[in-house]
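Engineer: Got a structure here, written out as structure tokens. Questions coming.
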Amino acid sequence: MNFKEIDYYFTYAIDSAHQASKQNEVPVGAVIVDGAGKIISKTFNTKEYEHNACNHAELLAIMETSQYQRSWRLNGHKLFVTLEPCVMCMGAIIQSRISEVYFGAYDPKGGAISLGFNIHSHPKLNHKVSVYGGFKHRECSKLLSDFFKAKRNKYLKA
């Protein structure tokens with residue numbers, strides 16, 4: 001996949017992250033693309049609204065795509081997400097057989113790869129996922145830091 005294509009799909013993931021922020025959700029957006037390059041799902045975190053710790057953008061995108069495809073096997077699909085997936089999401093990515101993951105901001109406090117849990121490439125698993133990080137890192141990181149800065153300022157003013 002070339003940088004122009006990656007950039008194109010990240011535009012949609014970032015738009016989804018902005019939607020999350022507008023709804024007072026942590027601004028993480030995800031997009032899943034099928035093997036032909038068609039966008040199948042665009043999602044964002046809904047943990048706060050749904051009161052569900054599992055409502056990460058990646059999981060919602062996987063569920064939406066699986067329903068659309070009428071299959072849990074998403075071989076050949078690519079996931080674009082604005083924040084490095086956590087261990088839970090990486091597990092779901094592996095289980096759904098997604099082929100490639102492209103993420104924006106690294107997450108040193110919760111990201112599966114940053115924390116050294118490289119389960120996507122574990123030799124005993126029957127499915128391997130290619131993972132690429134740091135795309136639009138500054139833009140994705142700024143979305144998150146601006147969101148949390150505004151939260152802190154609101155808290156301090158209260």
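Ordered as shown in the structure tokens, chains take letters A, B, and onward, while each chain numbers its residues from 1 and ligands are numbered from 1 in the order shown.
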Using only C-alpha atoms, what table do you get, as a Markdown table, when you list each residue of range 51-92 of chain A with an atom no more than 10 Å from range 133-139 of chain A, its nearest pair of atoms, and their distance in Å rounded to one decimal, rows by chain then rising number?
Structural biologist:
| residue | atom | partner | partner_atom | distance |
| --- | --- | --- | --- | --- |
| A:Phe80 | CA | A:Phe135 | CA | 9.4 |
| A:Val81 | CA | A:Phe135 | CA | 9.4 |
| A:Thr82 | CA | A:His137 | CA | 8.1 |
| A:Leu83 | CA | A:His137 | CA | 8.6 |
| A:Glu84 | CA | A:Gly133 | CA | 7.3 |
Engineer: From a DSSP pass on the backbone, collect the residues of range 39-154 of chain A flagged as helix (DSSP H, G or I) and hand them back as an mmCIF file with N, CA, C and O atoms, in the first residue's frame.
Structural biologist:
data_model
loop_
_atom_site.group_PDB
_atom_site.id
_atom_site.type_symbol
_atom_site.label_atom_id
_atom_site.label_comp_id
_atom_site.auth_asym_id
_atom_site.auth_seq_id
_atom_site.Cartn_x
_atom_site.Cartn_y
_atom_site.Cartn_z
ATOM 1 N N LYS A 47 -17.257 4.507 24.375
ATOM 2 C CA LYS A 47 -17.185 3.985 25.748
ATOM 3 C C LYS A 47 -18.025 4.799 26.723
ATOM 4 O O LYS A 47 -18.735 4.234 27.552
ATOM 5 N N GLU A 48 -17.929 6.107 26.654
ATOM 6 C CA GLU A 48 -18.640 6.965 27.598
ATOM 7 C C GLU A 48 -20.140 6.920 27.366
ATOM 8 O O GLU A 48 -20.915 6.745 28.300
ATOM 9 N N TYR A 49 -20.546 7.071 26.126
ATOM 10 C CA TYR A 49 -21.966 7.110 25.790
ATOM 11 C C TYR A 49 -22.658 5.793 26.100
ATOM 12 O O TYR A 49 -23.758 5.760 26.650
ATOM 13 N N GLU A 50 -21.998 4.698 25.750
ATOM 14 C CA GLU A 50 -22.595 3.367 25.937
ATOM 15 C C GLU A 50 -22.256 2.754 27.290
ATOM 16 O O GLU A 50 -22.749 1.679 27.609
ATOM 17 N N ALA A 57 -12.966 1.995 19.104
ATOM 18 C CA ALA A 57 -13.238 2.199 17.673
ATOM 19 C C ALA A 57 -12.920 0.950 16.855
ATOM 20 O O ALA A 57 -13.675 0.580 15.956
ATOM 21 N N GLU A 58 -11.801 0.288 17.169
ATOM 22 C CA GLU A 58 -11.394 -0.900 16.412
ATOM 23 C C GLU A 58 -12.414 -2.027 16.537
ATOM 24 O O GLU A 58 -12.786 -2.660 15.549
ATOM 25 N N LEU A 59 -12.875 -2.279 17.763
ATOM 26 C CA LEU A 59 -13.839 -3.358 17.973
ATOM 27 C C LEU A 59 -15.162 -3.064 17.281
ATOM 28 O O LEU A 59 -15.766 -3.960 16.677
ATOM 29 N N LEU A 60 -15.598 -1.827 17.367
ATOM 30 C CA LEU A 60 -16.847 -1.448 16.699
ATOM 31 C C LEU A 60 -16.721 -1.590 15.182
ATOM 32 O O LEU A 60 -17.650 -2.051 14.512
ATOM 33 N N ALA A 61 -15.565 -1.228 14.649
ATOM 34 C CA ALA A 61 -15.335 -1.366 13.203
ATOM 35 C C ALA A 61 -15.325 -2.835 12.797
ATOM 36 O O ALA A 61 -15.883 -3.206 11.753
ATOM 37 N N ILE A 62 -14.702 -3.683 13.597
ATOM 38 C CA ILE A 62 -14.669 -5.112 13.301
ATOM 39 C C ILE A 62 -16.087 -5.683 13.325
ATOM 40 O O ILE A 62 -16.480 -6.429 12.420
ATOM 41 N N MET A 63 -16.859 -5.327 14.337
ATOM 42 C CA MET A 63 -18.231 -5.837 14.427
ATOM 43 C C MET A 63 -19.080 -5.368 13.244
ATOM 44 O O MET A 63 -19.823 -6.158 12.647
ATOM 45 N N GLU A 64 -18.959 -4.098 12.908
ATOM 46 C CA GLU A 64 -19.736 -3.538 11.793
ATOM 47 C C GLU A 64 -19.345 -4.206 10.473
ATOM 48 O O GLU A 64 -20.206 -4.565 9.665
ATOM 49 N N THR A 65 -18.063 -4.380 10.259
ATOM 50 C CA THR A 65 -17.585 -5.004 9.024
ATOM 51 C C THR A 65 -18.000 -6.467 8.949
ATOM 52 O O THR A 65 -18.427 -6.945 7.893
ATOM 53 N N SER A 66 -17.911 -7.168 10.059
ATOM 54 C CA SER A 66 -18.315 -8.578 10.086
ATOM 55 C C SER A 66 -19.792 -8.729 9.757
ATOM 56 O O SER A 66 -20.179 -9.651 9.024
ATOM 57 N N GLN A 67 -20.618 -7.837 10.285
ATOM 58 C CA GLN A 67 -22.053 -7.881 9.961
ATOM 59 C C GLN A 67 -22.274 -7.606 8.477
ATOM 60 O O GLN A 67 -23.050 -8.304 7.817
ATOM 61 N N TYR A 68 -21.596 -6.612 7.962
ATOM 62 C CA TYR A 68 -21.732 -6.257 6.552
ATOM 63 C C TYR A 68 -21.278 -7.403 5.639
ATOM 64 O O TYR A 68 -21.936 -7.731 4.659
ATOM 65 N N GLN A 69 -20.148 -8.000 5.983
ATOM 66 C CA GLN A 69 -19.578 -9.082 5.166
ATOM 67 C C GLN A 69 -20.266 -10.419 5.424
ATOM 68 O O GLN A 69 -20.036 -11.372 4.696
ATOM 69 N N VAL A 87 -4.173 -4.090 23.890
ATOM 70 C CA VAL A 87 -4.083 -5.552 23.858
ATOM 71 C C VAL A 87 -5.437 -6.177 23.502
ATOM 72 O O VAL A 87 -5.505 -7.119 22.709
ATOM 73 N N MET A 88 -6.521 -5.657 24.075
ATOM 74 C CA MET A 88 -7.858 -6.178 23.776
ATOM 75 C C MET A 88 -8.159 -6.068 22.285
ATOM 76 O O MET A 88 -8.603 -7.031 21.652
ATOM 77 N N CYS A 89 -7.907 -4.900 21.725
ATOM 78 C CA CYS A 89 -8.195 -4.683 20.308
ATOM 79 C C CYS A 89 -7.283 -5.520 19.422
ATOM 80 O O CYS A 89 -7.728 -6.064 18.408
ATOM 81 N N MET A 90 -6.023 -5.646 19.809
ATOM 82 C CA MET A 90 -5.106 -6.466 19.017
ATOM 83 C C MET A 90 -5.574 -7.917 19.005
ATOM 84 O O MET A 90 -5.494 -8.597 17.978
ATOM 85 N N GLY A 91 -6.082 -8.397 20.130
ATOM 86 C CA GLY A 91 -6.632 -9.750 20.175
ATOM 87 C C GLY A 91 -7.799 -9.911 19.208
ATOM 88 O O GLY A 91 -7.896 -10.900 18.479
ATOM 89 N N ALA A 92 -8.689 -8.931 19.177
ATOM 90 C CA ALA A 92 -9.834 -8.979 18.265
ATOM 91 C C ALA A 92 -9.385 -8.873 16.807
ATOM 92 O O ALA A 92 -9.958 -9.529 15.922
ATOM 93 N N ILE A 93 -8.366 -8.085 16.559
ATOM 94 C CA ILE A 93 -7.825 -7.958 15.200
ATOM 95 C C ILE A 93 -7.303 -9.305 14.727
ATOM 96 O O ILE A 93 -7.569 -9.733 13.599
ATOM 97 N N ILE A 94 -6.587 -9.995 15.590
ATOM 98 C CA ILE A 94 -6.060 -11.323 15.248
ATOM 99 C C ILE A 94 -7.202 -12.299 15.034
ATOM 100 O O ILE A 94 -7.234 -13.032 14.047
ATOM 101 N N GLN A 95 -8.154 -12.313 15.955
ATOM 102 C CA GLN A 95 -9.276 -13.247 15.858
ATOM 103 C C GLN A 95 -10.111 -13.025 14.596
ATOM 104 O O GLN A 95 -10.638 -13.981 14.027
ATOM 105 N N ILE A 119 1.680 -9.520 20.280
ATOM 106 C CA ILE A 119 0.921 -10.753 20.029
ATOM 107 C C ILE A 119 0.581 -10.933 18.558
ATOM 108 O O ILE A 119 0.365 -12.052 18.117
ATOM 109 N N HIS A 120 0.551 -9.849 17.812
ATOM 110 C CA HIS A 120 0.222 -9.935 16.390
ATOM 111 C C HIS A 120 1.227 -10.778 15.600
ATOM 112 O O HIS A 120 0.926 -11.264 14.515
ATOM 113 N N SER A 121 2.408 -10.954 16.156
ATOM 114 C CA SER A 121 3.430 -11.728 15.443
ATOM 115 C C SER A 121 3.913 -12.932 16.255
ATOM 116 O O SER A 121 4.974 -13.481 15.976
ATOM 117 N N HIS A 137 1.179 10.777 12.764
ATOM 118 C CA HIS A 137 1.381 10.709 14.220
ATOM 119 C C HIS A 137 1.109 12.042 14.906
ATOM 120 O O HIS A 137 0.401 12.094 15.910
ATOM 121 N N ARG A 138 1.670 13.108 14.384
ATOM 122 C CA ARG A 138 1.499 14.420 15.033
ATOM 123 C C ARG A 138 0.042 14.848 15.070
ATOM 124 O O ARG A 138 -0.452 15.317 16.095
ATOM 125 N N GLU A 139 -0.649 14.676 13.942
ATOM 126 C CA GLU A 139 -2.055 15.077 13.877
ATOM 127 C C GLU A 139 -2.915 14.237 14.825
ATOM 128 O O GLU A 139 -3.764 14.765 15.546
ATOM 129 N N CYS A 140 -2.686 12.940 14.826
ATOM 130 C CA CYS A 140 -3.448 12.044 15.700
ATOM 131 C C CYS A 140 -3.130 12.313 17.168
ATOM 132 O O CYS A 140 -4.035 12.328 18.013
ATOM 133 N N SER A 141 -1.866 12.539 17.489
ATOM 134 C CA SER A 141 -1.459 12.839 18.868
ATOM 135 C C SER A 141 -2.046 14.156 19.334
ATOM 136 O O SER A 141 -2.489 14.284 20.478
ATOM 137 N N LYS A 142 -2.054 15.153 18.451
ATOM 138 C CA LYS A 142 -2.584 16.465 18.807
ATOM 139 C C LYS A 142 -4.076 16.388 19.122
ATOM 140 O O LYS A 142 -4.549 17.027 20.064
ATOM 141 N N LEU A 143 -4.797 15.587 18.361
ATOM 142 C CA LEU A 143 -6.223 15.386 18.641
ATOM 143 C C LEU A 143 -6.422 14.913 20.084
ATOM 144 O O LEU A 143 -7.279 15.427 20.814
ATOM 145 N N LEU A 144 -5.629 13.937 20.471
ATOM 146 C CA LEU A 144 -5.738 13.370 21.811
ATOM 147 C C LEU A 144 -5.290 14.361 22.883
ATOM 148 O O LEU A 144 -5.988 14.567 23.879
ATOM 149 N N SER A 145 -4.146 14.992 22.675
ATOM 150 C CA SER A 145 -3.645 15.914 23.702
ATOM 151 C C SER A 145 -4.555 17.132 23.840
ATOM 152 O O SER A 145 -4.789 17.594 24.967
ATOM 153 N N ASP A 146 -5.104 17.641 22.750
ATOM 154 C CA ASP A 146 -6.042 18.767 22.833
ATOM 155 C C ASP A 146 -7.307 18.371 23.599
ATOM 156 O O ASP A 146 -7.834 19.152 24.399
ATOM 157 N N PHE A 147 -7.790 17.171 23.345
ATOM 158 C CA PHE A 147 -8.986 16.673 24.026
ATOM 159 C C PHE A 147 -8.763 16.613 25.538
ATOM 160 O O PHE A 147 -9.563 17.125 26.317
ATOM 161 N N PHE A 148 -7.650 15.999 25.949
ATOM 162 C CA PHE A 148 -7.383 15.850 27.379
ATOM 163 C C PHE A 148 -7.000 17.172 28.039
ATOM 164 O O PHE A 148 -7.328 17.401 29.215
ATOM 165 N N LYS A 149 -6.370 18.067 27.294
ATOM 166 C CA LYS A 149 -6.053 19.395 27.825
ATOM 167 C C LYS A 149 -7.346 20.153 28.123
ATOM 168 O O LYS A 149 -7.487 20.772 29.178
ATOM 169 N N ALA A 150 -8.299 20.091 27.211
ATOM 170 C CA ALA A 150 -9.589 20.742 27.421
ATOM 171 C C ALA A 150 -10.313 20.143 28.616
ATOM 172 O O ALA A 150 -10.930 20.854 29.422
ATOM 173 N N LYS A 151 -10.219 18.840 28.789
ATOM 174 C CA LYS A 151 -10.831 18.165 29.942
ATOM 175 C C LYS A 151 -10.199 18.653 31.240
ATOM 176 O O LYS A 151 -10.915 18.935 32.212
ATOM 177 N N ARG A 152 -8.872 18.716 31.264
ATOM 178 C CA ARG A 152 -8.177 19.191 32.471
ATOM 179 C C ARG A 152 -8.546 20.640 32.791
ATOM 180 O O ARG A 152 -8.801 20.989 33.943
ATOM 181 N N ASN A 153 -8.567 21.488 31.754
ATOM 182 C CA ASN A 153 -8.920 22.904 31.966
ATOM 183 C C ASN A 153 -10.323 23.047 32.515
ATOM 184 O O ASN A 153 -10.578 23.874 33.393
ATOM 185 N N LYS A 154 -11.245 22.260 32.001
ATOM 186 C CA LYS A 154 -12.639 22.297 32.480
ATOM 187 C C LYS A 154 -12.684 21.859 33.929
ATOM 188 O O LYS A 154 -13.386 22.468 34.754
#
Engineer: CA of Gly35 in chain A and CA of His127 in chain A are how many Å apart?
Structural biologist: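 Atom-to-atom, CA of Gly35 in chain A to CA of His127 in chain A, that is 17.0 Å.
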Engineer: Do you know which residues are at most 9 Å from Asp107 in chain A counting only C-alpha atoms, after dropping those on the same chain fewer than 5 positions away, and could you put them as a PyMOL selection string?
Structural biologist: chain A and resi 83-86+112-115
Engineer: So that I have them on file, write out the residues from the current selection with C-alpha atoms, as an mmCIF file, in the first residue's frame.
Structural biologist:
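This is the output file part37.cif:
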data_model
loop_
_atom_site.group_PDB
_atom_site.id
_atom_site.type_symbol
_atom_site.label_atom_id
_atom_site.label_comp_id
_atom_site.auth_asym_id
_atom_site.auth_seq_id
_atom_site.Cartn_x
_atom_site.Cartn_y
_atom_site.Cartn_z
ATOM 1 C CA LEU A 83 -4.278 5.389 18.003
ATOM 2 C CA GLU A 84 -2.158 2.287 18.500
ATOM 3 C CA PRO A 85 -4.454 -0.642 19.383
ATOM 4 C CA CYS A 86 -4.536 -1.888 22.964
ATOM 5 C CA ALA A 112 -0.028 -3.357 22.702
ATOM 6 C CA ILE A 113 3.155 -2.789 20.709
ATOM 7 C CA SER A 114 4.514 0.086 22.799
ATOM 8 C CA LEU A 115 4.070 -2.052 25.898
#
Engineer: Identify, on the basis of only C-alpha atoms, every residue whose closest approach to range 129-131 of chain A does not exceed 6 Å; exclude the query and any residue fewer than 6 positions from it along the same chain; express the result as a list in words.
Structural biologist: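 What passes the distance filter is Ser99, Glu100, Val101 and His120 of chain A.
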Engineer: Output C-alpha atoms for every residue in that selection, as a CSV table (one decimal), in the first residue's frame.
Structural biologist:
chain,number,residue,atom,x,y,z
A,99,SER,CA,-4.5,-8.7,7.3
A,100,GLU,CA,-3.0,-5.3,8.0
A,101,VAL,CA,-3.2,-2.5,10.6
A,120,HIS,CA,0.2,-9.9,16.4
Engineer: Kindly indicate which residue among A:Lys42, A:Lys128, A:Lys109, A:Arg70 lies nearest to Arg97 in chain A, using only C-alpha atoms for the distances.
Structural biologist: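 Closest residue, counting only C-alpha atoms: A:Lys128.
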Engineer: Which value, in Å to one decimal, gives the distance between CA of Met1 in chain A and CA of Ala17 in chain A?
Structural biologist: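 Computing the Euclidean distance for CA of Met1 in chain A and CA of Ala17 in chain A yields 22.5 Å.
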